[in-house]
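Structure file coords_14.txt; described as compact mmCIF, C-alpha atoms.
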# COMPACT_ATOMS: atom_id res chain seq x y z
CA MET A 1 9.54 -22.09 -33.86
CA GLY A 2 7.84 -23.86 -30.98
CA ARG A 3 8.90 -21.16 -28.53
CA ASN A 4 7.52 -18.33 -30.68
CA THR A 5 4.27 -20.18 -31.18
CA GLY A 6 3.92 -20.71 -27.44
CA TYR A 7 4.46 -17.02 -26.70
CA ALA A 8 2.05 -15.96 -29.42
CA GLY A 9 -0.62 -18.24 -28.01
CA GLN A 10 -0.02 -17.01 -24.48
CA LYS A 11 -0.15 -13.36 -25.55
CA ALA A 12 -3.34 -13.92 -27.54
CA ASN A 13 -4.97 -15.53 -24.54
CA TYR A 14 -4.05 -12.59 -22.30
CA ILE A 15 -5.20 -9.96 -24.77
CA GLY A 16 -8.45 -11.79 -25.36
CA VAL A 17 -9.24 -11.84 -21.67
CA ILE A 18 -8.24 -8.20 -21.20
CA ARG A 19 -10.43 -7.03 -24.07
CA ALA A 20 -13.34 -9.07 -22.84
CA ALA A 21 -12.93 -7.49 -19.38
CA SER A 22 -14.34 -10.63 -17.80
CA PRO A 23 -12.90 -13.18 -15.34
CA GLY A 24 -11.11 -16.19 -16.78
CA PRO A 25 -8.08 -18.36 -16.30
CA ALA A 26 -5.66 -15.61 -17.27
CA ILE A 27 -7.15 -12.71 -15.23
CA ARG A 28 -8.80 -13.53 -11.92
CA PRO A 29 -11.88 -11.59 -10.69
CA ALA A 30 -9.93 -10.01 -7.82
CA THR A 31 -7.64 -8.20 -10.24
CA MET A 32 -10.32 -6.38 -12.18
CA GLY A 33 -10.57 -2.69 -11.31
CA LEU A 34 -9.33 -0.60 -8.42
CA MET A 35 -12.45 1.25 -7.35
CA SER A 36 -12.20 0.79 -3.59
CA ALA A 37 -11.43 2.58 -0.36
CA GLU A 38 -7.99 0.97 -0.05
CA ARG A 39 -4.89 3.02 -0.65
CA VAL A 40 -1.67 1.08 -1.10
CA LEU A 41 1.92 1.51 -2.29
CA GLY A 42 4.05 -0.73 -4.49
CA VAL A 43 7.82 -0.12 -4.35
CA ASP A 44 10.81 -1.10 -6.43
CA ALA A 45 14.45 -0.07 -6.25
CA CYS A 46 16.07 1.82 -9.11
CA LYS A 47 19.61 3.09 -9.66
CA ALA A 48 18.90 6.53 -8.21
CA GLY A 49 16.84 5.32 -5.25
CA TRP A 50 13.26 4.08 -5.01
CA ILE A 51 10.17 4.31 -7.19
CA GLY A 52 6.68 3.83 -5.81
CA ILE A 53 3.20 3.64 -7.30
CA VAL A 54 0.14 4.49 -5.22
CA LEU A 55 -3.07 2.67 -6.09
CA SER A 56 -6.43 3.88 -4.84
CA GLY A 57 -9.83 4.71 -6.26
CA ARG A 58 -8.14 7.34 -8.44
CA ASP A 59 -5.58 7.03 -11.22
CA PRO A 60 -2.22 5.55 -10.14
CA SER A 61 0.32 8.12 -8.94
CA LEU A 62 4.08 7.66 -9.26
CA HIS A 63 6.65 8.82 -6.70
CA PHE A 64 10.44 8.85 -6.48
CA ALA A 65 12.88 9.40 -3.62
CA ALA A 66 16.49 8.60 -2.84
CA ARG A 67 15.55 6.90 0.45
CA ILE A 68 12.76 4.42 1.16
CA SER A 69 11.59 6.36 4.23
CA ASP A 70 11.23 9.56 2.20
CA LEU A 71 9.35 7.73 -0.55
CA VAL A 72 6.82 6.34 1.91
CA ASP A 73 6.41 9.73 3.60
CA GLU A 74 5.72 11.39 0.25
CA ALA A 75 3.31 8.68 -0.85
CA GLY A 76 1.40 9.02 2.41
CA GLN A 77 0.83 12.76 2.19
CA ASP A 78 -2.50 12.38 0.39
CA GLY A 79 -3.89 9.74 2.73
CA PRO A 80 -3.01 6.71 4.87
CA LEU A 81 -1.55 3.61 3.25
CA GLN A 82 -3.24 0.33 4.16
CA ALA A 83 -0.35 -1.80 2.82
CA ILE A 84 3.09 -1.42 1.27
CA ALA A 85 4.61 -4.12 -0.93
CA ILE A 86 8.31 -3.89 -1.74
CA ASP A 87 10.55 -5.84 -4.08
CA MET A 88 13.38 -6.31 -1.59
CA PRO A 89 14.13 -9.07 0.93
CA ILE A 90 12.51 -8.75 4.33
CA GLY A 91 13.88 -11.29 6.78
CA LEU A 92 17.52 -12.29 6.26
CA PRO A 93 18.53 -15.92 6.83
CA ASP A 94 21.13 -16.95 9.37
CA ALA A 95 22.16 -20.00 7.34
CA GLY A 96 21.04 -21.69 4.14
CA ARG A 97 18.33 -20.52 1.78
CA ARG A 98 15.02 -18.85 2.48
CA MET A 99 11.98 -20.96 1.70
CA ALA A 100 10.41 -17.81 0.22
CA ASP A 101 13.02 -17.68 -2.54
CA THR A 102 12.69 -21.38 -3.32
CA LEU A 103 8.90 -21.21 -3.59
CA ALA A 104 8.99 -17.99 -5.64
CA ARG A 105 11.35 -19.66 -8.12
CA GLN A 106 8.85 -22.46 -8.51
CA ALA A 107 6.04 -19.95 -9.00
CA VAL A 108 7.74 -18.05 -11.83
CA GLY A 109 8.82 -21.16 -13.77
CA PRO A 110 10.81 -20.05 -16.85
CA ARG A 111 11.68 -16.77 -15.11
CA ARG A 112 13.22 -18.52 -12.07
CA ALA A 113 16.62 -16.91 -12.71
CA SER A 114 15.04 -13.54 -11.84
CA VAL A 115 14.65 -14.68 -8.22
CA PHE A 116 18.11 -14.40 -6.68
CA VAL A 117 19.01 -16.27 -3.52
CA THR A 118 18.96 -13.85 -0.58
CA PRO A 119 22.39 -13.77 1.11
CA VAL A 120 22.72 -14.68 4.76
CA ARG A 121 22.94 -11.68 7.07
CA ALA A 122 26.62 -12.26 7.89
CA ALA A 123 27.52 -12.10 4.19
CA LEU A 124 25.70 -8.80 3.70
CA GLU A 125 27.61 -7.33 6.61
CA ALA A 126 30.95 -8.18 4.96
CA ALA A 127 33.06 -5.35 3.57
CA ASP A 128 33.48 -6.61 0.00
CA TYR A 129 32.20 -9.24 -2.40
CA GLU A 130 35.09 -11.65 -1.93
CA SER A 131 34.69 -11.59 1.85
CA ALA A 132 30.93 -11.91 1.56
CA SER A 133 31.21 -14.91 -0.74
CA ALA A 134 33.66 -16.59 1.63
CA VAL A 135 31.34 -16.00 4.59
CA SER A 136 28.39 -17.34 2.61
CA ARG A 137 30.23 -20.52 1.66
CA ARG A 138 31.12 -21.10 5.29
CA VAL A 139 27.71 -20.29 6.77
CA ALA A 140 25.31 -21.20 3.98
CA GLY A 141 27.29 -23.80 2.05
CA GLU A 142 27.35 -21.75 -1.17
CA GLY A 143 28.64 -18.44 -2.48
CA ILE A 144 26.46 -15.47 -3.45
CA SER A 145 25.92 -13.76 -6.77
CA ARG A 146 27.42 -10.37 -7.50
CA GLN A 147 23.91 -9.15 -8.33
CA ALA A 148 22.71 -10.01 -4.84
CA PHE A 149 25.73 -8.42 -3.15
CA ALA A 150 25.30 -5.28 -5.29
CA LEU A 151 21.93 -4.79 -3.55
CA LYS A 152 23.58 -4.84 -0.13
CA VAL A 153 23.00 -1.15 0.63
CA LYS A 154 19.32 -1.25 -0.32
CA ILE A 155 18.68 -4.58 1.43
CA LEU A 156 20.14 -3.27 4.67
CA GLU A 157 18.31 0.05 4.23
CA VAL A 158 14.99 -1.81 4.11
CA ASP A 159 16.11 -4.08 6.96
CA ARG A 160 16.56 -1.01 9.20
CA TRP A 161 13.48 0.86 7.99
CA VAL A 162 10.99 -1.99 8.27
CA ARG A 163 11.77 -2.38 11.99
CA ARG A 164 10.66 1.16 12.82
CA THR A 165 7.82 1.83 10.40
CA ARG A 166 4.25 1.49 11.58
CA HIS A 167 2.99 0.59 8.12
CA ARG A 168 2.05 -2.93 7.14
CA VAL A 169 4.91 -3.95 4.85
CA VAL A 170 5.27 -7.17 2.88
CA GLU A 171 7.90 -8.49 0.50
CA VAL A 172 6.97 -9.28 -3.10
CA HIS A 173 8.66 -10.50 -6.24
CA PRO A 174 7.21 -8.82 -9.36
CA GLU A 175 7.56 -11.88 -11.59
CA ALA A 176 5.60 -13.92 -9.07
CA SER A 177 2.96 -11.17 -9.00
CA PHE A 178 2.77 -11.11 -12.80
CA ALA A 179 2.41 -14.90 -12.88
CA GLU A 180 -0.47 -14.58 -10.42
CA ILE A 181 -2.14 -11.87 -12.52
CA ALA A 182 -1.78 -13.91 -15.69
CA GLY A 183 -2.68 -17.27 -14.18
CA SER A 184 0.62 -18.82 -15.29
CA PRO A 185 4.31 -17.86 -15.48
CA LEU A 186 5.25 -15.43 -18.24
CA LEU A 187 7.39 -16.76 -21.09
CA VAL A 188 9.21 -13.58 -22.08
CA ARG A 189 11.64 -11.37 -20.14
CA LYS A 190 10.52 -7.91 -19.06
CA SER A 191 13.72 -6.47 -20.58
CA THR A 192 12.43 -7.25 -24.10
CA TRP A 193 9.95 -5.09 -26.02
CA ALA A 194 7.47 -7.97 -26.14
CA GLY A 195 7.89 -8.67 -22.45
CA ALA A 196 7.35 -5.06 -21.44
CA ALA A 197 4.31 -4.74 -23.71
CA LEU A 198 2.77 -7.91 -22.31
CA ARG A 199 3.23 -6.75 -18.72
CA ARG A 200 1.67 -3.37 -19.47
CA GLN A 201 -1.31 -5.16 -21.01
CA LEU A 202 -1.68 -7.36 -17.95
CA LEU A 203 -1.50 -4.37 -15.63
CA ALA A 204 -4.05 -2.44 -17.69
CA GLY A 205 -6.39 -5.43 -17.58
CA ALA A 206 -5.94 -5.50 -13.80
CA GLY A 207 -6.99 -1.84 -13.56
CA ILE A 208 -3.50 -0.31 -13.45
CA PRO A 209 -2.96 1.80 -16.60
CA LEU A 210 0.52 3.23 -17.10
CA ALA A 211 0.60 6.17 -19.49
CA GLY A 212 2.47 9.41 -20.04
CA ASP A 213 6.03 10.26 -18.97
CA LEU A 214 5.22 9.70 -15.23
CA GLY A 215 7.04 12.88 -14.20
CA ILE A 216 10.24 12.68 -12.15
CA ALA A 217 9.61 9.00 -11.41
CA GLY A 218 9.62 8.30 -15.13
CA GLU A 219 12.86 10.26 -15.52
CA GLN A 220 14.67 8.39 -12.74
CA ALA A 221 13.39 4.84 -13.22
CA GLY A 222 13.79 2.31 -16.00
CA VAL A 223 10.86 0.69 -17.78
CA ASP A 224 11.30 -2.51 -15.76
CA ASP A 225 11.37 -0.52 -12.50
CA VAL A 226 7.98 1.04 -13.28
CA LEU A 227 6.49 -2.30 -14.28
CA ASP A 228 7.81 -3.96 -11.13
CA ALA A 229 6.52 -1.20 -8.84
CA ALA A 230 3.08 -1.51 -10.44
CA ALA A 231 3.06 -5.29 -9.98
CA ALA A 232 4.08 -4.77 -6.35
CA GLY A 233 1.17 -2.34 -5.98
CA TRP A 234 -1.22 -4.96 -7.34
CA THR A 235 -0.10 -7.38 -4.65
CA ALA A 236 -0.28 -4.65 -1.98
CA LEU A 237 -3.92 -4.13 -2.90
CA ARG A 238 -4.55 -7.86 -2.49
CA VAL A 239 -2.87 -7.74 0.91
CA ALA A 240 -5.09 -4.84 1.99
CA ARG A 241 -8.17 -6.73 0.83
CA GLY A 242 -7.16 -9.97 2.52
CA GLN A 243 -6.86 -11.77 -0.84
CA ALA A 244 -3.09 -12.34 -0.97
CA ARG A 245 -1.24 -15.45 0.16
CA SER A 246 2.30 -15.89 1.37
CA LEU A 247 5.11 -18.13 0.18
CA PRO A 248 5.62 -19.92 2.55
CA ASP A 249 2.49 -20.03 4.68
CA PRO A 250 3.12 -19.34 7.49
CA PRO A 251 6.20 -17.16 6.96
CA GLU A 252 9.60 -18.23 8.26
CA ILE A 253 11.13 -16.46 11.25
CA PHE A 254 14.90 -16.06 11.56
CA SER A 255 16.93 -14.51 14.37
CA ASP A 256 15.91 -11.02 13.21
CA GLN A 257 12.30 -11.91 14.18
CA LEU A 258 10.91 -10.54 10.91
CA ALA A 259 8.19 -12.50 9.14
CA CYS A 260 9.90 -13.78 5.99
CA ALA A 261 7.65 -14.57 3.02
CA ILE A 262 7.01 -13.42 -0.55
CA TRP A 263 3.39 -12.39 -1.04
CA ILE A 264 1.33 -12.83 -4.19
Translate the structure described by the file into structure tokens.
Amino acid sequence: MGRNTGYAGQKANYIGVIRAASPGPAIRPATMGLMSAERVLGVDACKAGWIGIVLSGRDPSLHFAARISDLVDEAGQDGPLQAIAIDMPIGLPDAGRRMADTLARQAVGPRRASVFVTPVRAALEAADYESASAVSRRVAGEGISRQAFALKVKILEVDRWVRRTRHRVVEVHPEASFAEIAGSPLLVRKSTWAGAALRRQLLAGAGIPLAGDLGIAGEQAGVDDVLDAAAAGWTALRVARGQARSLPDPPEIFSDQLACAIWI
């Protein structure tokens, strides 16, 4: 009973702030509205490839492509992108855990399980899960989850792409972005009806309405993929405006020389 009461109170607080359309503890002033000159892209991986949402002074536009480079090229056809935020690790550790993952887990509170520990580079270069887990235990002192290893192809795709793109690209974690929008960690999973509804309400209150079937992007992506891409776009806008902050600050630098941090 206590858990349901807590969620109901949290939801009521969010909805009240959204309807009032005024700053408060649940929705910060920087999140209200998107009427600006910035044009940014939020990206999330889906089973068939990548989904992206472009935010600008116009209505959000959704894009889908099998490869991250193609997605960015398509999203940039209507104008330059000031920032790209992607829900995928940027900066792979040589040993141990990334500080970014540890701090993001703290930021999302009850949703900490949604932040997986990024495997060390040597583990991601292994041929199979068993080999990768063995390498991780030797190099990092712990194994890796099957979920993390299943993202190997996409992690390495981003690792290659981010080195050659000229765009400003940052890593995000959608649950950390949603916690920042709301002013506190969310209590319900995005995979539930209530969790998806709450996240759509938060996005709408932040000036990111999601409506209609979203075309091919809506056909290829799951509900959680769309929500996550939109949350990534919200953070990308903050990056472009100089309002975002990094976890950690300053970012870590591993042997790959990529700035490693999760931005919110």
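The residue that comes closest to Ile90 of chain A, out of A:Trp193, A:Trp161, A:Trp50, A:Phe178 and on the basis of all atoms listed in the file, is A:Trp161.
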Closest pair table for segment 132-228 of chain A residues within 12 Å of segment 247-255 of chain A, only C-alpha atoms, as CSV:
residue,atom,partner,partner_atom,distance
A:Val170,CA,A:Pro251,CA,10.8
A:Glu171,CA,A:Leu247,CA,10.0
A:Val172,CA,A:Leu247,CA,9.6
A:His173,CA,A:Leu247,CA,10.6
A:Ala176,CA,A:Leu247,CA,10.2
A:Ser177,CA,A:Leu247,CA,11.7
Could the residues in this selection be saved with C-alpha atoms as an mmCIF file, keeping the file's coordinate frame?
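Wrote selection.cif, looks like this:
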data_model
loop_
_atom_site.group_PDB
_atom_site.id
_atom_site.type_symbol
_atom_site.label_atom_id
_atom_site.label_comp_id
_atom_site.auth_asym_id
_atom_site.auth_seq_id
_atom_site.Cartn_x
_atom_site.Cartn_y
_atom_site.Cartn_z
ATOM 1 C CA VAL A 170 5.270 -7.170 2.880
ATOM 2 C CA GLU A 171 7.900 -8.490 0.500
ATOM 3 C CA VAL A 172 6.970 -9.280 -3.100
ATOM 4 C CA HIS A 173 8.660 -10.500 -6.240
ATOM 5 C CA ALA A 176 5.600 -13.920 -9.070
ATOM 6 C CA SER A 177 2.960 -11.170 -9.000
#
For segment 119-210 of chain A versus segment 92-109 of chain A, which residues have an atom no more than 8 Å away, and what is each residue's nearest atom pair and distance in Å rounded to one decimal, using all atoms listed in the file, chain-then-number order, as a tab-separated table?
residue	atom	partner	partner_atom	distance
A:Pro119	CA	A:Pro93	CA	7.2
A:Val120	CA	A:Pro93	CA	4.8
A:Arg121	CA	A:Leu92	CA	5.5
A:Ala122	CA	A:Asp94	CA	7.4
A:Val139	CA	A:Ala95	CA	5.6
A:Ala140	CA	A:Gly96	CA	4.3
A:Gly141	CA	A:Gly96	CA	6.9
A:His173	CA	A:Ala104	CA	7.5
A:Glu175	CA	A:Val108	CA	6.2
A:Ala176	CA	A:Val108	CA	5.4
A:Ala179	CA	A:Val108	CA	6.3
A:Ser184	CA	A:Val108	CA	8.0
A:Pro185	CA	A:Val108	CA	5.0
A:Leu186	CA	A:Val108	CA	7.4
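Distance annotation: of A:Ala132, A:Leu210, A:Ala65, A:Leu203, the residue with the minimal separation from Pro174 of chain A is A:Leu203; atom set is all atoms listed in the file.
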Inset, instruction - Select all residues near (-4.5, -4.2, 2.6) (cut-off 6 Å, inclusive, file coordinates), counting all atoms listed in the file, and output them as a ChimeraX atom specification. - result: /A:82-83,237,239-241
Legend entry - Nearest residue to Ala206 of chain A from the set A:Ile86, A:Ala37, A:Ala230, A:Ala194 (distances using only C-alpha atoms): A:Ala230
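With only C-alpha atoms as the atoms that count, the minimum distance from Ile181 of chain A to the choices A:Ala221, A:Ala231, A:Met88, A:Ile144 is reached by A:Ala231.
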Inset, instruction - Name the closest residue to Pro89 of chain A among the candidates A:Glu74, A:Leu258, A:Ala182, A:Pro60; distances are taken between atoms, counting only C-alpha atoms. - result: A:Leu258
